[in-house]
Each structure stands twice: as C-alpha cells, then as structure tokens.
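To keep things clear, I will list the structure first and then write my remarks on it.
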Amino acid sequence: MKIIETAIAGCVILESGVFGDDRGLFREWFKLGDLEAADLSFSVEQANFSVSSKNVVRGLHYSVAPRGQAKLVTCAQGTLDDVIFDIREGSPTFGQLVVVSLAADHGRSVLLPAGVAHGFCVTSETGALAYLLSSPYDAANELEIHPFDDEINVPWPLTGEAIMSPKDAAAPSWASRRAEGLVPTY
C-alpha cells in the first residue's frame, strides 16, 4: 500500500492495487498491518455504506463526540469527489480544504483524522461510498456545516442542481459553528 500525505494534518490517501480480469475486479482497501507499518493507527467500530445518484452532495459532516471519530472511506461503485475540510481549532492545517477524486476501479481510499469535516459529491450516474469508523454514530454529537458555505468555497463538481438532504440544506455556516463553540480541537 502506498501512503500519500495531503495538505491536512493526519489525513492521508491510501493507494492499493486493483486486480481486474474478465470477471471484474478485486482490491484490498483496508489492511491494518499496512497502516501500523506506516505508524498510522485506526480501529474499526462501525461500518457504513451509502449509495447516491449523480449530483448528490452529502456533508459537510463532523463529530464532536468526546472520543472523536476518524474515518476510512473508499468508493465502492462509480465515481465521486471526496471533500475534507480541517475545522479543528489549533490544527496546523486549520481551514485547509482537500478534494480527492475516488473511483471504484481505482485503488484510492482516504484516512480522515477525527475532527475534520467530510462530504462528497457523486460524479457518475450512481456512486457508493464505504466508510469504516473509529467510533459508533452518536446522534447528539454529529453536526453539519452547510456544503455551500461561501467561506469554505468547496469546488463541488456539479453538472446540474445539487441534491441534498433537508438537514444538509439547512445546516449553519462554519462561522456560526465556530461562534457557538461547536468545532473540535486539535
């Protein structure tokens, strides 16, 4: 597995081999030993899977749970742009935005540290994202920032109108979350 640093502290891209033949493809997208060999730790407590249509925007979501919540994400079907935004007060990369293009037939995954905001936009007709989480979902501590916040200015790769959940469409701005003290610390 190849590990590529991003512009966000603790956020890395993982590249693994993709093996294809006339039956389809196979890839290992999570191997704890490879992470440990690179001095990266990640324990899995929950796995999630979402399927979305083209132009669906999910996020920007983050957790303020006391234990934090790191994520390992990969595209299991189609293509999508994965968005990571560092909202951790005190982080050396506070305010940095990273967009990683993911595709089911490529060997890329992203390891996100606890405390960053995460979202994605599907760029194929349908796309699926598989998530491994370091802590279970905790509704009271799961928050969102509006995905079209002008201060963040995410370059969503839309080819039509964004499709969002009512919760994401009504999400407050990053400035509002900061003013309320509802952002993680580094």
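A note on labels: chains of the structure tokens are A, B, ... as shown, every chain counts residues from 1, and ligands are counted from 1 in their shown order.
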
Env of stretch 163-169 of chain A: 7 Å cut, atoms = only C-alpha atoms, seq-sep filter 6 positions within chain, self excluded. Answer as a PDB file with C-alpha atoms, in the first residue's frame.
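result-v2.pdb was written with the following content:
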```
ATOM      1  CA  ASN A  55     -25.062  15.423  -8.200  1.00  0.00           C
ATOM      2  CA  VAL A  56     -25.911  14.240  -4.678  1.00  0.00           C
ATOM      3  CA  VAL A  57     -23.922  16.259  -2.157  1.00  0.00           C
ATOM      4  CA  ARG A  58     -23.592  14.754   1.317  1.00  0.00           C
ATOM      5  CA  GLY A  59     -21.947  16.771   4.068  1.00  0.00           C
ATOM      6  CA  GLU A 144     -23.002  19.539   9.877  1.00  0.00           C
ATOM      7  CA  HIS A 146     -23.591  24.000   5.037  1.00  0.00           C
TER       8      HIS A 146
END
```

Q. Looking only at the backbone, which of the residues in stretch 3-114 of chain A does DSSP tag as strand (DSSP E or B), as JSON, numbers by chain?
A. {"A": [3, 4, 5, 12, 13, 14, 15, 19, 20, 21, 24, 25, 26, 46, 47, 48, 49, 50, 51, 52, 53, 56, 57, 58, 59, 60, 61, 62, 63, 71, 72, 73, 74, 75, 76, 77, 79, 80, 81, 82, 83, 84, 85, 89, 97, 98, 99, 100, 101, 102, 103, 108, 109, 110, 111, 112]}

Give me, as CSV, each residue of stretch 2-35 of chain A that comes within 9 Å of stretch 65-84 of chain A, together with its shortest interatomic pair and the distance in Å at one decimal, counting only C-alpha atoms, with rows ordered by chain and rising residue number.
```
residue,atom,partner,partner_atom,distance
A:Ile8,CA,A:Ile84,CA,8.3
A:Cys11,CA,A:Ile84,CA,8.5
A:Trp29,CA,A:Thr74,CA,7.5
A:Phe30,CA,A:Leu72,CA,8.3
```

Suppose we keep N, CA and C atoms; can you now write the selection as a CSV table (one decimal), in the first residue's frame?
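Generated file (part_39.csv):
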```
chain,number,residue,atom,x,y,z
A,8,ILE,N,-3.8,18.3,4.8
A,8,ILE,CA,-4.4,18.4,6.1
A,8,ILE,C,-3.6,17.4,7.0
A,11,CYS,N,-4.4,13.5,7.6
A,11,CYS,CA,-5.3,13.0,6.5
A,11,CYS,C,-4.4,12.4,5.4
A,29,TRP,N,-8.8,-2.8,0.3
A,29,TRP,CA,-8.8,-1.3,0.6
A,29,TRP,C,-8.5,-1.0,2.1
A,30,PHE,N,-8.5,-2.0,2.9
A,30,PHE,CA,-8.1,-1.8,4.3
A,30,PHE,C,-7.3,-3.0,4.8
```

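In this model, the gap between atom CA of A:Leu143 and atom CA of A:Pro172 comes to 9.6 Å.
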